[in-house]
Number of protein chains: 2
Amino acid sequence: MTAQPTQTGKIIISVDAMGGDSGPGVVVAGIAKSAKKNPEVGFLLHGPKDVLSKLVSKRRVLDGRVVFRDCPDVVTMQDKPSQVVRSGKNTSMWSALESVRQGEAHGAVSCGNTGALMALSMMRLRKLPGVNRPAIAILWPSRNPQGFNVMLDVGADVRADAKDLLQFALMGASYARNGMELTRPRIGLLNVGTEEHKGRAELKEAHALITEFADQANFDFVGFVEGSDIPGDKADVIVTDGFTGNVAIKTGEGTASLIGDLLREAFKYSPLSRLASVLAITSLQRLKKRIDPRRVNGGVFLGLNGTVIKSHGGADATGVSAAIKLAFTLAKSGFAEKLAARVASTAELEQDAAQSALQTK
Amino acid sequence: MTAQPTQTGKIIISVDAMGGDSGPGVVVAGIAKSAKKNPEVGFLLHGPKDVLSKLVSKRRVLDGRVVFRDCPDVVTMQDKPSQVVRSGKNTSMWSALESVRQGEAHGAVSCGNTGALMALSMMRLRKLPGVNRPAIAILWPSRNPQGFNVMLDVGADVRADAKDLLQFALMGASYARNGMELTRPRIGLLNVGTEEHKGRAELKEAHALITEFADQANFDFVGFVEGSDIPGDKADVIVTDGFTGNVAIKTGEGTASLIGDLLREAFKYSPLSRLASVLAITSLQRLKKRIDPRRVNGGVFLGLNGTVIKSHGGADATGVSAAIKLAFTLAKSGFAEKLAARVASTAELEQDAAQSALQTK
């Protein structure tokens with residue numbers, strides 16, 4: 001990795017300053033938050049330099065911590081991925097990924113258009129050898145001691161066959177080891193019931209494949225799990241296709257948000273309940289902090305040559321800072337290299353396993 | 001319908017007293033609760049008569065309201081559906097469905113094994129002409145004025161093609177009209193994004209089919225919706241396949257339950273928070289009542305000759321009573337007959353629509 005002259009010894013995160021719902025001001029506030037907490041992090045900031053340098057100059061904590069990459073164009077939420085891939089060369093998103101590709105940064109963070117970011121990442125960073133479909137992994141509040149479970153895929157692709165699901169298990173396990181310090185993560189395969197005869201054909205096939213692989217890949221396979229286990233404590237990593245995963249997390253988020261609103265309403269109901277809410281405020285804040293989606297902001301793209309983190313489009317400074325922290329943690333653990341080695345070493349074994357699973361059917 | 005001599009003029013619900021997690025005592029407590037609230041309801045109760053009659057005799061409100069159907073066998077949660085279909089003739093579940101088939105009851109309620117209940121229902125009651133796959137519909141707390149959205153399929157089958165999804169839209173709309181008194185329900189098709197180009201091929205095909213049908217079937221089609229819209233206010237009926245639907249509701253339930261537990265924990269944290277929780281108790285109860293899954297207990301099997309309601313296996317008396325209320329409401333509205341007429345009248349049109357959709361592709 002080529003460190004910037006002003007940033008020697010730092011872990012450099014490449015940040016797309018544009019394309020989020022709230023504009024570059026929030027992104028700069030987010031990196032300032034990270035810089036304050038973490039002296040080891042430095043930034044490559046992509047976007048219109050005149051705008052960005054003004055924002056950065058107002059934050060003293062960012063003195064000497066930011067190198068700009070001037071780019072005139074922005075990928076909007078409405079842009080089609082195919083179009084961005086063809087003509088997005090001057091966008092901040094493209095430039096942010098380019099820095100990872102060139103080895104100038106240890107990871108990229110963007111709040112922009114998810115589809116475009118995935119399409120560009122696949123084109124510029126390329127898939128790891130042995131990976132058919134990359135996946136997006138997120139953290140979900142759970143009953144496990146670590147407080148969160150890994151879930152993937154949550155929307156990189158709407159499909160996944162048995163071999164893809166095995167890859168997701170391997171990549172998810174690697175993420176849990178490096179991002180959450182779980183030495184032997186427990187993997188669950190999402191289904192409509194826990195009995196082995198249930199579900200779709202590709203899931204039964206994936207069940208056989210993952211069982212065969214668990215030991216050599218150093219994880220425990222707990223078999224089929226249900227939607228209720230995503231926030232549960234039976235598994236640390238939940239594996240599913242991107243269609244099901246996307247619907248599941250959006251259902252969970254929507255339900256949590258409805259409960260939050262109804263809770264606020266309930267506390268406004270009478271003078272007594274308003275008094276109760278004042279007394280309860282620290283309890284409620286504690287709860288909010290525990291399940292605050294901003295604290296675990298960041299979908300990690302797995303299966304590419306390099307770490308890319310998709311922050312929520314509507315992320316505030318806390319959210320952006322959380323995404324940067326995640327990119328930093330993964331970079332520091334050498335995650336990208338470990339994942340590449342893991343996938344490469346298992347790619348061959350996996351082909352054997354797939355073959356033998358087909359033969360024994 | 002042949003009413004029982006002691007129950008003339010009543011709406012008769014056929015209740016499987018066995019097979020729930022908590023045994024027949026809870027089921028009898030549930031029907032007693034319903035009988036107390038609703039003078040128009042009567043019961044056919046299926047199970048070992050010696051056990052049941054003792055339980056019923058303790059509830060004065062059930063005097064003259066219950067007719068027993070003695071059956072020695074019980075379908076357990078472990079029984080495989082295929083096995084129950086072959087040799088379950090003496091079970092309370094089989095007997096409960098038989099009463100609907102014979103026209104002795106206006107609907108059946110069971111807390112037992114879902115797979116077995118669906119398999120037996122399909123075999124004994126048969127699918128409505130024009131229906132390929134029956135579906136299970138549930139109510140989910142939402143931001144809509146009616147407080148709940150209809151969602152189907154939540155697990156009758158793990159697959160659904162475009163024509164099945166159209167049937168689900170028709171059946172869900174009919175359920176919303178009769179069960180929730182929405183004259184022109186808004187239907188949404190679950191996908192990973194709201195743009196028309198997103199998602200799997202069968203969803204694009206279903207989008208075209210449902211659009212074509214919306215007007216003649218007297219509902220509004222709002223197009224694609226996302227997981228966050230299941231508890232939202234963009235649609236009243238959410239249509240999806242049984243795999244996705246099952247995962248989504250279990251994720252939502254699990255997340256809600258985690259939040260509830262964390263909330264309780266938060267309120268136990270300090271003396272001040274414990275005081276706050278005492279003051280907040282009515283607020284929290286109001287919230288709990290609003291989203292209490294027991295209040296909307298009951299998955300309705302749609303697409304069969306007769307109404308069958310699957311109550312949660314772990315339902316308490318309140319839950320059983322809610323399932324009975326739902327069976328009663330649907331019976332009183334003549335739902336089964338209206339749905340049959342709706343499906344029959346559209347079956348032919350639907351074939352035309354499918355054909356023309358294929359031709360214009």
# chains A, B, ... in the order shown; residues from 1 in each chain; ligands from 1
call {"tool": "closest_atom_pairs", "arguments": {"of": "chain A", "to": "chain B", "cutoff": "7 Å", "atoms": "only C-alpha atoms", "output": "CSV"}}
result
residue,atom,partner,partner_atom,distance
A:Val158,CA,B:Gly199,CA,6.4
A:Val192,CA,B:Asn246,CA,6.2
A:Gly199,CA,B:Val158,CA,6.4
A:Arg200,CA,B:Val158,CA,6.7
A:Glu226,CA,B:Val247,CA,6.5
A:Gly227,CA,B:Thr251,CA,4.2
A:Ser228,CA,B:Gly254,CA,4.4
A:Ile230,CA,B:Thr251,CA,6.5
A:Pro231,CA,B:Thr255,CA,5.9
A:Phe243,CA,B:Val192,CA,6.3
A:Thr244,CA,B:Thr244,CA,5.7
A:Asn246,CA,B:Val192,CA,6.2
A:Val247,CA,B:Gly227,CA,4.6
A:Ala248,CA,B:Ala248,CA,4.8
A:Lys250,CA,B:Gly227,CA,4.5
A:Thr251,CA,B:Gly227,CA,4.2
A:Gly252,CA,B:Gly252,CA,4.7
A:Glu253,CA,B:Ser228,CA,6.6
A:Gly254,CA,B:Ser228,CA,4.4
A:Thr255,CA,B:Pro231,CA,5.9
A:Ala256,CA,B:Ala256,CA,6.5
A:Leu262,CA,B:Leu287,CA,6.3
A:Leu263,CA,B:Leu287,CA,6.3
A:Ala266,CA,B:Ser283,CA,4.9
A:Phe267,CA,B:Ser283,CA,5.8
A:Leu272,CA,B:Leu279,CA,6.7
A:Ser273,CA,B:Ala280,CA,5.5
A:Ala276,CA,B:Ala276,CA,4.9
A:Leu279,CA,B:Ala276,CA,5.1
A:Ala280,CA,B:Ala276,CA,5.1
A:Ser283,CA,B:Ala266,CA,4.9
A:Leu284,CA,B:Ala266,CA,6.8
A:Arg286,CA,B:Ala266,CA,6.7
A:Leu287,CA,B:Ala266,CA,6.2
call {"tool": "residues_around", "arguments": {"residues": "stretch 327-336 of chain A", "least_positions_apart": "4", "cutoff": "7 Å", "atoms": "only C-alpha atoms", "output": "JSON, numbers by chain"}}
result
{"A": [11, 106, 107, 178, 179, 306, 307, 309, 323, 340]}
call {"tool": "atom_distance", "arguments": {"atom1": "atom CA of A:Lys33", "atom2": "atom CA of A:Thr318"}}
result
7.5 Å
call {"tool": "select_by_dssp", "arguments": {"residues": "stretch 79-290 of chain A", "states": "helix (DSSP H, G or I)", "output": "ChimeraX atom specification"}}
result
/A:81-87,92-101,114-125,162-180,201-213,227-229,242-267,271-279,281-290
call {"tool": "select_by_dssp", "arguments": {"residues": "stretch 40-97 of chain B", "states": "strand (DSSP E or B)", "output": "PyMOL selection string"}}
result
chain B and resi 41-47+66-70+73+91
call {"tool": "write_last_selection", "arguments": {"atoms": "C-alpha atoms", "output": "mmCIF file, in the first residue's frame"}}
result
data_model
loop_
_atom_site.group_PDB
_atom_site.id
_atom_site.type_symbol
_atom_site.label_atom_id
_atom_site.label_comp_id
_atom_site.auth_asym_id
_atom_site.auth_seq_id
_atom_site.Cartn_x
_atom_site.Cartn_y
_atom_site.Cartn_z
ATOM 1 C CA VAL B 41 -71.615 -18.193 18.349
ATOM 2 C CA GLY B 42 -71.901 -21.948 18.998
ATOM 3 C CA PHE B 43 -69.291 -24.698 18.908
ATOM 4 C CA LEU B 44 -68.574 -28.176 17.655
ATOM 5 C CA LEU B 45 -65.694 -29.405 19.802
ATOM 6 C CA HIS B 46 -63.436 -32.218 18.577
ATOM 7 C CA GLY B 47 -61.284 -34.438 20.819
ATOM 8 C CA VAL B 66 -71.086 -26.939 22.731
ATOM 9 C CA VAL B 67 -71.681 -30.174 20.833
ATOM 10 C CA PHE B 68 -68.919 -32.781 21.179
ATOM 11 C CA ARG B 69 -67.367 -34.928 18.475
ATOM 12 C CA ASP B 70 -65.506 -37.715 20.207
ATOM 13 C CA ASP B 73 -56.367 -39.510 18.207
ATOM 14 C CA THR B 91 -57.811 -37.392 14.835
#
call {"tool": "decode", "arguments": {"residues": "stretch 99-208 of chain B", "atoms": "C-alpha atoms", "output": "PDB file, in the first residue's frame"}}
result
ATOM      1  CA  SER B  99     -67.697 -30.813  10.064  1.00  0.00           C
ATOM      2  CA  VAL B 100     -66.970 -27.963   7.635  1.00  0.00           C
ATOM      3  CA  ARG B 101     -67.034 -30.355   4.696  1.00  0.00           C
ATOM      4  CA  GLN B 102     -70.417 -31.729   5.802  1.00  0.00           C
ATOM      5  CA  GLY B 103     -71.846 -28.234   6.234  1.00  0.00           C
ATOM      6  CA  GLU B 104     -72.366 -28.722   9.979  1.00  0.00           C
ATOM      7  CA  ALA B 105     -70.085 -25.794  10.792  1.00  0.00           C
ATOM      8  CA  HIS B 106     -69.363 -22.410   9.204  1.00  0.00           C
ATOM      9  CA  GLY B 107     -65.616 -22.607   9.728  1.00  0.00           C
ATOM     10  CA  ALA B 108     -62.878 -24.544  11.525  1.00  0.00           C
ATOM     11  CA  VAL B 109     -60.201 -23.431  13.995  1.00  0.00           C
ATOM     12  CA  SER B 110     -57.138 -25.474  15.006  1.00  0.00           C
ATOM     13  CA  CYS B 111     -53.995 -24.711  17.060  1.00  0.00           C
ATOM     14  CA  GLY B 112     -52.277 -27.808  15.666  1.00  0.00           C
ATOM     15  CA  ASN B 113     -49.502 -28.668  13.206  1.00  0.00           C
ATOM     16  CA  THR B 114     -49.735 -26.177  10.296  1.00  0.00           C
ATOM     17  CA  GLY B 115     -48.382 -28.494   7.596  1.00  0.00           C
ATOM     18  CA  ALA B 116     -50.772 -31.284   8.566  1.00  0.00           C
ATOM     19  CA  LEU B 117     -53.731 -28.895   8.767  1.00  0.00           C
ATOM     20  CA  MET B 118     -53.001 -27.531   5.280  1.00  0.00           C
ATOM     21  CA  ALA B 119     -52.499 -31.014   3.794  1.00  0.00           C
ATOM     22  CA  LEU B 120     -55.707 -32.339   5.391  1.00  0.00           C
ATOM     23  CA  SER B 121     -57.643 -29.210   4.377  1.00  0.00           C
ATOM     24  CA  MET B 122     -56.563 -29.585   0.765  1.00  0.00           C
ATOM     25  CA  MET B 123     -57.489 -33.257   0.733  1.00  0.00           C
ATOM     26  CA  ARG B 124     -60.827 -33.034   2.516  1.00  0.00           C
ATOM     27  CA  LEU B 125     -62.130 -29.589   1.497  1.00  0.00           C
ATOM     28  CA  ARG B 126     -60.454 -29.447  -1.935  1.00  0.00           C
ATOM     29  CA  LYS B 127     -59.211 -26.359  -3.693  1.00  0.00           C
ATOM     30  CA  LEU B 128     -61.701 -23.899  -5.165  1.00  0.00           C
ATOM     31  CA  PRO B 129     -62.044 -24.295  -8.928  1.00  0.00           C
ATOM     32  CA  GLY B 130     -59.509 -21.932 -10.526  1.00  0.00           C
ATOM     33  CA  VAL B 131     -57.095 -21.934  -7.586  1.00  0.00           C
ATOM     34  CA  ASN B 132     -53.735 -23.602  -8.148  1.00  0.00           C
ATOM     35  CA  ARG B 133     -52.080 -22.969  -4.773  1.00  0.00           C
ATOM     36  CA  PRO B 134     -54.019 -22.111  -1.611  1.00  0.00           C
ATOM     37  CA  ALA B 135     -52.380 -19.495   0.596  1.00  0.00           C
ATOM     38  CA  ILE B 136     -52.227 -18.618   4.281  1.00  0.00           C
ATOM     39  CA  ALA B 137     -53.116 -14.987   5.013  1.00  0.00           C
ATOM     40  CA  ILE B 138     -52.325 -13.214   8.286  1.00  0.00           C
ATOM     41  CA  LEU B 139     -52.858  -9.727   9.686  1.00  0.00           C
ATOM     42  CA  TRP B 140     -49.777  -7.639  10.516  1.00  0.00           C
ATOM     43  CA  PRO B 141     -49.741  -4.424  12.618  1.00  0.00           C
ATOM     44  CA  SER B 142     -49.433  -1.440  10.278  1.00  0.00           C
ATOM     45  CA  ARG B 143     -49.616   2.339  10.012  1.00  0.00           C
ATOM     46  CA  ASN B 144     -52.915   2.124   8.129  1.00  0.00           C
ATOM     47  CA  PRO B 145     -56.128   3.443   9.748  1.00  0.00           C
ATOM     48  CA  GLN B 146     -57.462  -0.115  10.114  1.00  0.00           C
ATOM     49  CA  GLY B 147     -54.356  -0.892  12.204  1.00  0.00           C
ATOM     50  CA  PHE B 148     -53.385  -4.016  10.260  1.00  0.00           C
ATOM     51  CA  ASN B 149     -52.392  -5.161   6.806  1.00  0.00           C
ATOM     52  CA  VAL B 150     -53.246  -8.488   5.193  1.00  0.00           C
ATOM     53  CA  MET B 151     -50.224 -10.489   4.074  1.00  0.00           C
ATOM     54  CA  LEU B 152     -50.202 -13.682   2.007  1.00  0.00           C
ATOM     55  CA  ASP B 153     -48.806 -16.280   1.418  1.00  0.00           C
ATOM     56  CA  VAL B 154     -46.982 -16.753   4.709  1.00  0.00           C
ATOM     57  CA  GLY B 155     -46.182 -20.408   4.265  1.00  0.00           C
ATOM     58  CA  ALA B 156     -48.773 -22.649   2.595  1.00  0.00           C
ATOM     59  CA  ASP B 157     -46.214 -23.325  -0.157  1.00  0.00           C
ATOM     60  CA  VAL B 158     -42.602 -22.266  -0.757  1.00  0.00           C
ATOM     61  CA  ARG B 159     -43.249 -21.407  -4.397  1.00  0.00           C
ATOM     62  CA  ALA B 160     -45.582 -19.134  -6.362  1.00  0.00           C
ATOM     63  CA  ASP B 161     -45.542 -18.293 -10.060  1.00  0.00           C
ATOM     64  CA  ALA B 162     -47.080 -15.193 -11.658  1.00  0.00           C
ATOM     65  CA  LYS B 163     -50.566 -16.729 -11.904  1.00  0.00           C
ATOM     66  CA  ASP B 164     -50.455 -17.838  -8.276  1.00  0.00           C
ATOM     67  CA  LEU B 165     -49.491 -14.311  -7.235  1.00  0.00           C
ATOM     68  CA  LEU B 166     -52.476 -12.954  -9.174  1.00  0.00           C
ATOM     69  CA  GLN B 167     -54.719 -15.445  -7.336  1.00  0.00           C
ATOM     70  CA  PHE B 168     -53.205 -14.305  -4.028  1.00  0.00           C
ATOM     71  CA  ALA B 169     -54.027 -10.703  -4.967  1.00  0.00           C
ATOM     72  CA  LEU B 170     -57.655 -11.641  -5.721  1.00  0.00           C
ATOM     73  CA  MET B 171     -58.043 -13.721  -2.569  1.00  0.00           C
ATOM     74  CA  GLY B 172     -56.273 -11.156  -0.379  1.00  0.00           C
ATOM     75  CA  ALA B 173     -58.508  -8.380  -1.714  1.00  0.00           C
ATOM     76  CA  SER B 174     -61.599 -10.456  -0.999  1.00  0.00           C
ATOM     77  CA  TYR B 175     -60.363 -11.180   2.541  1.00  0.00           C
ATOM     78  CA  ALA B 176     -59.675  -7.473   3.156  1.00  0.00           C
ATOM     79  CA  ARG B 177     -63.183  -6.573   1.960  1.00  0.00           C
ATOM     80  CA  ASN B 178     -64.924  -9.179   4.134  1.00  0.00           C
ATOM     81  CA  GLY B 179     -62.627  -9.440   7.144  1.00  0.00           C
ATOM     82  CA  MET B 180     -61.649  -5.765   7.422  1.00  0.00           C
ATOM     83  CA  GLU B 181     -64.473  -3.946   5.668  1.00  0.00           C
ATOM     84  CA  LEU B 182     -62.224  -2.175   3.170  1.00  0.00           C
ATOM     85  CA  THR B 183     -64.368  -1.591   0.107  1.00  0.00           C
ATOM     86  CA  ARG B 184     -61.502  -1.027  -2.312  1.00  0.00           C
ATOM     87  CA  PRO B 185     -58.308  -2.471  -0.824  1.00  0.00           C
ATOM     88  CA  ARG B 186     -54.899  -1.433  -2.138  1.00  0.00           C
ATOM     89  CA  ILE B 187     -52.742  -4.383  -3.202  1.00  0.00           C
ATOM     90  CA  GLY B 188     -48.915  -4.320  -3.213  1.00  0.00           C
ATOM     91  CA  LEU B 189     -46.585  -6.921  -4.703  1.00  0.00           C
ATOM     92  CA  LEU B 190     -43.534  -7.562  -2.501  1.00  0.00           C
ATOM     93  CA  ASN B 191     -40.161  -6.972  -4.163  1.00  0.00           C
ATOM     94  CA  VAL B 192     -36.667  -5.660  -3.368  1.00  0.00           C
ATOM     95  CA  GLY B 193     -37.402  -2.214  -4.784  1.00  0.00           C
ATOM     96  CA  THR B 194     -40.307  -0.228  -6.135  1.00  0.00           C
ATOM     97  CA  GLU B 195     -38.893   0.380  -9.629  1.00  0.00           C
ATOM     98  CA  GLU B 196     -40.611  -1.734 -12.273  1.00  0.00           C
ATOM     99  CA  HIS B 197     -37.373  -3.177 -13.671  1.00  0.00           C
ATOM    100  CA  LYS B 198     -36.285  -4.685 -10.342  1.00  0.00           C
ATOM    101  CA  GLY B 199     -36.630  -8.211  -9.025  1.00  0.00           C
ATOM    102  CA  ARG B 200     -37.213 -11.701 -10.311  1.00  0.00           C
ATOM    103  CA  ALA B 201     -38.781 -12.549 -13.676  1.00  0.00           C
ATOM    104  CA  GLU B 202     -42.011 -14.012 -12.219  1.00  0.00           C
ATOM    105  CA  LEU B 203     -42.566 -10.763 -10.334  1.00  0.00           C
ATOM    106  CA  LYS B 204     -42.435  -8.667 -13.483  1.00  0.00           C
ATOM    107  CA  GLU B 205     -44.913 -11.050 -15.087  1.00  0.00           C
ATOM    108  CA  ALA B 206     -47.166 -10.927 -12.021  1.00  0.00           C
ATOM    109  CA  HIS B 207     -46.962  -7.115 -12.064  1.00  0.00           C
ATOM    110  CA  ALA B 208     -48.379  -7.094 -15.610  1.00  0.00           C
TER     111      ALA B 208
END
